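**Q** Here you go, coords.txt (compact mmCIF, C-alpha atoms):
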# COMPACT_ATOMS: atom_id res chain seq x y z
CA MET P 22 -6.03 25.00 40.78
CA PHE P 23 -8.08 25.67 43.92
CA ARG P 24 -11.27 24.06 45.12
CA TYR P 25 -13.69 25.42 47.70
CA THR P 26 -16.83 23.99 49.25
CA PHE P 27 -19.16 26.92 49.72
CA VAL P 28 -22.57 28.03 50.96
CA LYS P 29 -24.43 30.87 49.22
CA GLY P 30 -27.04 33.10 50.78
CA HIS P 31 -28.37 36.62 51.10
CA ALA P 32 -29.71 39.10 53.65
CA THR P 33 -32.24 41.47 52.03
CA GLY P 34 -30.60 40.89 48.66
CA ASN P 35 -27.04 41.57 49.87
CA ASP P 36 -25.51 38.24 48.79
CA PHE P 37 -22.46 36.42 50.10
CA ILE P 38 -20.37 33.32 49.62
CA ILE P 39 -19.61 31.51 52.88
CA ILE P 40 -16.49 29.33 53.18
CA ASP P 41 -16.00 27.13 56.25
CA ASP P 42 -12.37 27.19 57.38
CA PRO P 43 -12.35 26.47 61.13
CA HIS P 44 -8.64 25.67 61.26
CA GLY P 45 -7.49 28.58 59.10
CA MET P 46 -6.19 26.42 56.24
CA GLN P 47 -7.70 28.30 53.27
CA GLU P 48 -5.71 31.15 51.74
CA LEU P 49 -8.15 33.78 50.49
CA THR P 50 -6.16 36.26 48.44
CA ALA P 51 -7.79 39.34 46.95
CA GLU P 52 -7.52 37.71 43.52
CA VAL P 53 -9.30 34.53 44.67
CA VAL P 54 -12.09 36.53 46.33
CA ALA P 55 -12.60 38.62 43.19
CA GLU P 56 -12.81 35.42 41.09
CA LEU P 57 -15.34 33.85 43.46
CA CYS P 58 -17.50 36.99 43.45
CA ASP P 59 -17.46 37.55 39.68
CA ARG P 60 -21.07 37.27 38.50
CA HIS P 61 -20.13 36.00 35.03
CA THR P 62 -17.20 33.63 35.59
CA GLY P 63 -17.47 32.84 39.31
CA ILE P 64 -20.25 32.14 41.80
CA GLY P 65 -21.22 35.80 42.10
CA ALA P 66 -21.65 37.78 45.32
CA ASP P 67 -21.20 41.12 47.04
CA GLY P 68 -18.57 39.56 49.30
CA VAL P 69 -17.05 36.49 50.94
CA LEU P 70 -17.51 35.40 54.58
CA ARG P 71 -14.85 33.00 55.88
CA VAL P 72 -15.89 31.04 58.99
CA VAL P 73 -12.78 30.55 61.12
CA ARG P 74 -12.04 30.09 64.82
CA ALA P 75 -10.83 33.32 66.40
CA GLY P 76 -7.72 31.53 67.67
CA GLN P 77 -6.58 31.08 64.05
CA VAL P 78 -6.70 34.82 63.28
CA PRO P 79 -3.45 36.69 63.99
CA GLY P 80 -3.46 40.16 65.48
CA HIS P 81 -6.61 39.76 67.61
CA ASP P 82 -7.03 38.92 71.29
CA PHE P 83 -10.43 37.20 71.22
CA ASP P 84 -11.49 34.03 73.00
CA PRO P 85 -9.93 31.45 70.64
CA GLY P 86 -13.09 29.33 70.69
CA LEU P 87 -15.31 32.07 69.23
CA TRP P 88 -16.23 32.11 65.56
CA PHE P 89 -14.57 34.94 63.65
CA MET P 90 -16.28 36.54 60.64
CA ASP P 91 -13.50 37.17 58.11
CA TYR P 92 -15.25 39.44 55.62
CA ARG P 93 -13.96 40.52 52.19
CA ASN P 94 -15.64 42.85 49.69
CA SER P 95 -16.22 41.58 46.15
CA ASP P 96 -13.04 43.29 44.93
CA GLY P 97 -11.03 41.33 47.52
CA SER P 98 -10.46 44.21 49.93
CA LEU P 99 -10.85 43.62 53.68
CA ALA P 100 -13.75 45.28 55.52
CA GLU P 101 -14.14 45.89 59.23
CA MET P 102 -17.84 45.09 59.49
CA CYS P 103 -20.89 44.08 57.46
CA GLY P 104 -24.29 44.05 59.17
CA ASN P 105 -26.05 41.93 56.54
CA GLY P 106 -23.02 39.65 56.32
CA LEU P 107 -23.07 39.20 60.10
CA ARG P 108 -26.73 38.16 60.01
CA LEU P 109 -26.09 35.64 57.22
CA PHE P 110 -22.93 34.39 58.95
CA SER P 111 -25.03 33.86 62.07
CA ARG P 112 -27.77 32.07 60.12
CA HIS P 113 -25.12 29.66 58.80
CA LEU P 114 -23.78 29.01 62.32
CA LEU P 115 -27.32 28.24 63.49
CA ASN P 116 -28.24 26.08 60.49
CA ASP P 117 -25.08 23.97 60.78
CA GLN P 118 -25.34 23.77 64.59
CA LEU P 119 -21.99 25.47 65.06
CA VAL P 120 -23.48 27.37 68.02
CA GLN P 121 -25.51 25.86 70.83
CA SER P 122 -28.18 28.49 71.47
CA GLY P 123 -30.15 31.31 69.90
CA GLU P 124 -27.96 33.92 71.61
CA PHE P 125 -24.21 34.02 71.00
CA THR P 126 -21.22 36.23 70.24
CA VAL P 127 -19.29 36.57 66.97
CA ALA P 128 -15.78 38.04 66.72
CA THR P 129 -15.18 40.56 63.93
CA ARG P 130 -12.57 43.12 62.91
CA ALA P 131 -14.85 45.69 64.56
CA GLY P 132 -14.90 43.78 67.87
CA LEU P 133 -17.29 41.34 69.51
CA LYS P 134 -20.91 41.41 68.28
CA GLN P 135 -23.95 39.97 70.05
CA VAL P 136 -26.44 37.94 68.02
CA ARG P 137 -29.89 36.67 68.88
CA VAL P 138 -32.74 35.00 67.03
CA ALA P 139 -35.69 37.40 66.92
CA ARG P 140 -39.42 36.83 66.49
CA GLY P 141 -40.36 35.03 63.29
CA GLY P 142 -36.88 33.55 62.89
CA LEU P 143 -35.33 36.89 61.96
CA ILE P 144 -31.73 37.54 63.02
CA ALA P 145 -30.90 40.52 65.27
CA VAL P 146 -27.32 41.74 65.66
CA ASN P 147 -25.95 44.38 68.00
CA LEU P 148 -23.73 46.71 65.98
CA GLY P 149 -22.88 48.81 69.03
CA GLU P 150 -22.77 52.57 69.40
CA VAL P 151 -22.76 54.61 66.21
CA GLY P 152 -20.25 57.44 66.14
CA LEU P 153 -21.63 60.51 64.37
CA GLY P 154 -19.08 63.02 63.10
CA PRO P 155 -19.40 66.59 64.39
CA GLU P 156 -19.04 68.26 60.99
CA PRO P 157 -20.88 67.51 57.72
CA ILE P 158 -18.94 66.68 54.56
CA THR P 159 -19.83 67.28 50.91
CA ILE P 160 -20.74 64.39 48.62
CA THR P 161 -20.51 65.03 44.89
CA HIS P 162 -22.34 62.81 42.43
CA GLY P 163 -22.19 63.99 38.83
CA VAL P 164 -23.20 67.65 38.92
CA GLN P 165 -25.09 67.29 42.21
CA GLU P 166 -23.72 68.14 45.64
CA PHE P 167 -25.13 66.92 48.94
CA ALA P 168 -24.38 67.59 52.59
CA ALA P 169 -23.65 64.30 54.37
CA GLN P 170 -23.44 63.15 57.98
CA PRO P 171 -20.31 61.07 58.68
CA ALA P 172 -21.04 57.96 60.76
CA ASP P 173 -18.91 55.15 62.16
CA VAL P 174 -20.53 51.71 62.58
CA GLY P 175 -17.22 49.90 62.88
CA ASN P 176 -16.77 50.90 59.23
CA PRO P 177 -17.08 54.37 57.63
CA HIS P 178 -20.32 55.86 56.29
CA ALA P 179 -21.66 59.16 54.98
CA VAL P 180 -25.45 59.64 55.15
CA VAL P 181 -27.22 61.99 52.73
CA PHE P 182 -30.86 63.02 53.29
CA THR P 183 -32.67 63.92 50.07
CA ASP P 184 -36.12 63.93 48.46
CA GLN P 185 -37.70 60.87 46.92
CA GLU P 186 -37.39 62.04 43.30
CA ARG P 187 -33.65 62.67 43.54
CA LEU P 188 -33.21 59.40 45.40
CA GLN P 189 -34.90 57.42 42.62
CA GLN P 190 -33.04 59.21 39.81
CA LEU P 191 -29.52 58.67 41.15
CA ASP P 192 -27.28 56.65 38.84
CA LEU P 193 -25.19 54.73 41.34
CA THR P 194 -23.27 52.84 38.70
CA LYS P 195 -21.01 55.87 39.07
CA ALA P 196 -19.00 56.34 42.25
CA PRO P 197 -19.66 59.49 44.29
CA SER P 198 -16.73 61.53 45.61
CA TRP P 199 -16.35 63.55 48.80
CA GLU P 200 -14.73 66.64 50.28
CA PRO P 201 -12.54 66.96 52.23
CA THR P 202 -10.92 64.00 50.44
CA GLY P 203 -8.81 63.10 53.47
CA THR P 204 -11.89 62.42 55.62
CA PHE P 205 -12.09 58.80 54.44
CA PRO P 206 -8.60 57.68 53.33
CA SER P 207 -9.74 54.05 52.98
CA GLY P 208 -13.01 54.86 51.20
CA VAL P 209 -16.55 55.20 52.50
CA ASN P 210 -20.02 53.70 52.14
CA ILE P 211 -22.50 56.37 51.07
CA GLU P 212 -26.20 56.18 51.92
CA PHE P 213 -28.90 58.27 50.22
CA VAL P 214 -32.00 58.46 52.41
CA HIS P 215 -35.56 59.81 52.18
CA GLU P 216 -38.00 60.05 55.10
CA VAL P 217 -41.32 58.53 54.01
CA MET P 218 -42.99 59.31 57.34
CA PRO P 219 -41.80 59.51 60.95
CA GLY P 220 -39.80 56.36 61.69
CA GLU P 221 -39.85 55.06 58.10
CA LEU P 222 -37.01 55.60 55.62
CA LEU P 223 -36.13 54.71 52.02
CA MET P 224 -32.43 54.08 51.38
CA ARG P 225 -30.04 53.41 48.52
CA VAL P 226 -26.36 52.76 49.05
CA TYR P 227 -23.05 52.88 47.22
CA GLU P 228 -20.70 50.46 49.02
CA ARG P 229 -16.94 50.84 48.79
CA GLY P 230 -15.41 47.83 47.09
CA CYS P 231 -18.79 46.78 45.62
CA GLY P 232 -20.75 49.63 44.00
CA GLU P 233 -24.50 49.90 44.50
CA THR P 234 -25.94 46.93 46.40
CA LEU P 235 -29.51 45.95 47.19
CA SER P 236 -28.85 46.44 50.88
CA CYS P 237 -26.18 47.42 53.41
CA GLY P 238 -26.80 46.53 57.05
CA THR P 239 -24.28 48.91 58.60
CA GLY P 240 -25.53 51.59 56.18
CA VAL P 241 -29.07 51.06 57.43
CA VAL P 242 -27.85 51.48 61.01
CA ALA P 243 -25.81 54.58 60.09
CA SER P 244 -28.87 56.09 58.39
CA ALA P 245 -31.13 55.29 61.35
CA ALA P 246 -28.65 56.82 63.81
CA ALA P 247 -28.27 59.97 61.72
CA TYR P 248 -32.06 60.22 61.39
CA ARG P 249 -32.55 59.69 65.13
CA ALA P 250 -30.04 62.46 65.91
CA ARG P 251 -31.68 64.99 63.59
CA SER P 252 -35.33 64.14 64.29
CA GLY P 253 -35.35 62.99 67.90
CA PHE P 254 -37.35 59.89 66.86
CA ASP P 255 -36.52 57.18 69.41
CA ALA P 256 -38.84 54.27 68.55
CA PRO P 257 -37.82 51.42 66.21
CA ILE P 258 -36.97 52.75 62.74
CA GLN P 259 -37.97 50.80 59.63
CA VAL P 260 -35.69 51.16 56.61
CA HIS P 261 -36.75 50.03 53.14
CA VAL P 262 -33.86 49.04 50.87
CA ARG P 263 -34.07 47.61 47.38
CA GLY P 264 -33.68 44.09 48.75
CA GLY P 265 -36.33 44.28 51.47
CA ASP P 266 -37.06 45.75 54.90
CA LEU P 267 -34.89 46.09 58.00
CA THR P 268 -35.54 47.44 61.48
CA VAL P 269 -33.14 49.34 63.72
CA THR P 270 -33.85 49.49 67.45
CA PHE P 271 -31.78 51.50 69.92
CA GLU P 272 -31.28 50.07 73.41
CA GLY P 273 -29.61 53.06 75.02
CA ASP P 274 -26.86 53.86 72.55
CA GLN P 275 -26.61 50.27 71.28
CA ALA P 276 -28.04 49.80 67.77
CA TRP P 277 -29.71 46.47 67.01
CA LEU P 278 -30.31 45.54 63.36
CA THR P 279 -33.07 43.00 62.71
CA GLY P 280 -33.99 41.33 59.44
CA PRO P 281 -34.05 38.12 57.40
CA ALA P 282 -31.06 36.02 56.37
CA VAL P 283 -31.47 33.08 53.99
CA ILE P 284 -29.18 30.27 52.84
CA VAL P 285 -30.03 29.36 49.23
CA ALA P 286 -27.41 26.88 48.02
CA ARG P 287 -24.39 24.69 48.72
CA GLY P 288 -21.77 23.60 46.21
CA GLU P 289 -18.15 23.33 45.12
CA TYR P 290 -16.13 25.86 43.18
CA TRP P 291 -13.16 24.78 41.05
CA ASN P 292 -10.64 26.97 39.32
Turn this file's structure into C-alpha cells for me.
**A**
Amino acid sequence: MFRYTFVKGHATGNDFIIIDDPHGMQELTAEVVAELCDRHTGIGADGVLRVVRAGQVPGHDFDPGLWFMDYRNSDGSLAEMCGNGLRLFSRHLLNDQLVQSGEFTVATRAGLKQVRVARGGLIAVNLGEVGLGPEPITITHGVQEFAAQPADVGNPHAVVFTDQERLQQLDLTKAPSWEPTGTFPSGVNIEFVHEVMPGELLMRVYERGCGETLSCGTGVVASAAAYRARSGFDAPIQVHVRGGDLTVTFEGDQAWLTGPAVIVARGEYWN
C-alpha cells in the first residue's frame, strides 16, 4: 500500500497532481503515476508534478537548493518540460511560501526556467528560445494530411496551421501519425492552429502520453513561435485553447508564457 499527500490544480484546464517530496523519499514509478492520474479509479490528472530539491535529483548539475519540477505524463512517462505544469508548480511554491519573492528560478529537465508573478496575479514563465526545424514534416490524421512545422520548446512539437472548420471537426481521441517516422523517436506533441486575426490564434493539441488536453503551455509557445516566423508578427500573441486564454511575449528570442494557475484541492491518496 502507498499513501500520498497531494495538491490538485490546473492551468487553463490542464490539470495536475502535485506531490511534495523535498528530500526525494517518494518513489514515483510509471505504474503509480498512471494510477494517480486515472480519472475513474484515481485522483485524475493530465500529469504529476513532484516537488523535490535539485540536490536530490541524480544526473543534473543544478544548484542543490533550487526546486526541481519532476514532471510525469499521465501514462507515467517522463517529460522534459510542461509550460502549464511549470506555472502551476510555481503557484504552489508561492502559495506554500517555498520561495521568498515573486521572481525565482525553477530547475527542470529542460534546464533552468525563470518565473515571475505578472499583473493580476497571473504566472509568467520563460521557456527560452524556441528551435524551429528547417524542413516541414507531414502529419496524418485519419484520411487527412497536413504540413507541420517542427518546434523544440525543451520538448518536441509539430505545429499545423489549418482553417477553423477543420480545426473544430478534428477527432483527437485518435492519435495522429507523422512522416518521416524517425523525426520524433520519443513521440511528439501536435498542435492544430487557426489564425483568428493578426496576433490571435485558436489551438487544439494532442499531447504525447496524454491524448487531447484542454491546454498545453509549451504547445502554445511552439504555435506562437511558428506563427511569428511565418507572419512576422512581433507583438504579444494571444492563444485561445479549450481551457482558456494564454499570452506569449517574445523578449528577443526568449518566449514568455503568461496565464492563470489555480490550486483547487488538497488531500490524501491511499492505494
**Q** Counting all atoms listed in the file, write as a list of chain:residue names all protein and nucleic acid residues lying at most 8 Å from (-22.8, 26.5, 50.6) in the file's frame.
**A** P:Thr26, P:Phe27, P:Val28, P:Lys29, P:Gly30, P:Ile38, P:Ile39, P:Ile40, P:Ile284, P:Val285, P:Ala286, P:Arg287, P:Gly288, P:Glu289
**Q** Just to confirm, what's the straight-line distance from CA of Ser252 (chain P) to CA of Gly220 (chain P) in Å (one decimal)?
**A**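 Between CA of Ser252 (chain P) and CA of Gly220 (chain P) the gap is 9.3 Å.
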**Q** Can I get the residues of region 147-241 of chain P within 9 Å of region 80-98 of chain P, each with the closest pair of atoms and their distance in Å to one decimal, using only C-alpha atoms, sorted chain first then ascending number, as a tab-separated table?
**A**
residue	atom	partner	partner_atom	distance
P:Arg229	CA	P:Asn94	CA	8.1
P:Gly230	CA	P:Asp96	CA	5.6
P:Cys231	CA	P:Ser95	CA	5.8
**Q** Selection from above, C-alpha atoms, as a compact mmCIF listing (two decimals), in the frame of the given file, can you write it?
**A**
# COMPACT_ATOMS: atom_id res chain seq x y z
CA ARG P 229 -16.94 50.84 48.79
CA GLY P 230 -15.41 47.83 47.09
CA CYS P 231 -18.79 46.78 45.62
**Q** Env of Asp184 (chain P): 9 Å cut, atoms = all atoms listed in the file, seq-sep filter 6 positions within chain, self excluded. Answer as a PyMOL selection string.
**A** chain P and resi 214-216
**Q** Those selected residues, please, written with C-alpha atoms and delivered as a short mmCIF file (atom, residue, chain, number, x, y, z; two decimals), keeping the file's coordinate frame.
**A**
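File part03.cif, as written:
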data_model
loop_
_atom_site.label_atom_id
_atom_site.label_comp_id
_atom_site.auth_asym_id
_atom_site.auth_seq_id
_atom_site.Cartn_x
_atom_site.Cartn_y
_atom_site.Cartn_z
CA VAL P 214 -32.00 58.46 52.41
CA HIS P 215 -35.56 59.81 52.18
CA GLU P 216 -38.00 60.05 55.10
#
**Q** In Å, rounded to a single decimal, give me how far CA of Ile64 (chain P) is from CA of Asn292 (chain P).
**A**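 Rounded to one decimal, the two atoms are 11.2 Å apart.
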**Q** So, counting only C-alpha atoms, which residue among P:Val120, P:Leu107, P:Val53, P:Val72 is closest to Gly280 (chain P)?
**A**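 Among P:Val120, P:Leu107, P:Val53, P:Val72, it is P:Leu107 that comes nearest to Gly280 (chain P).
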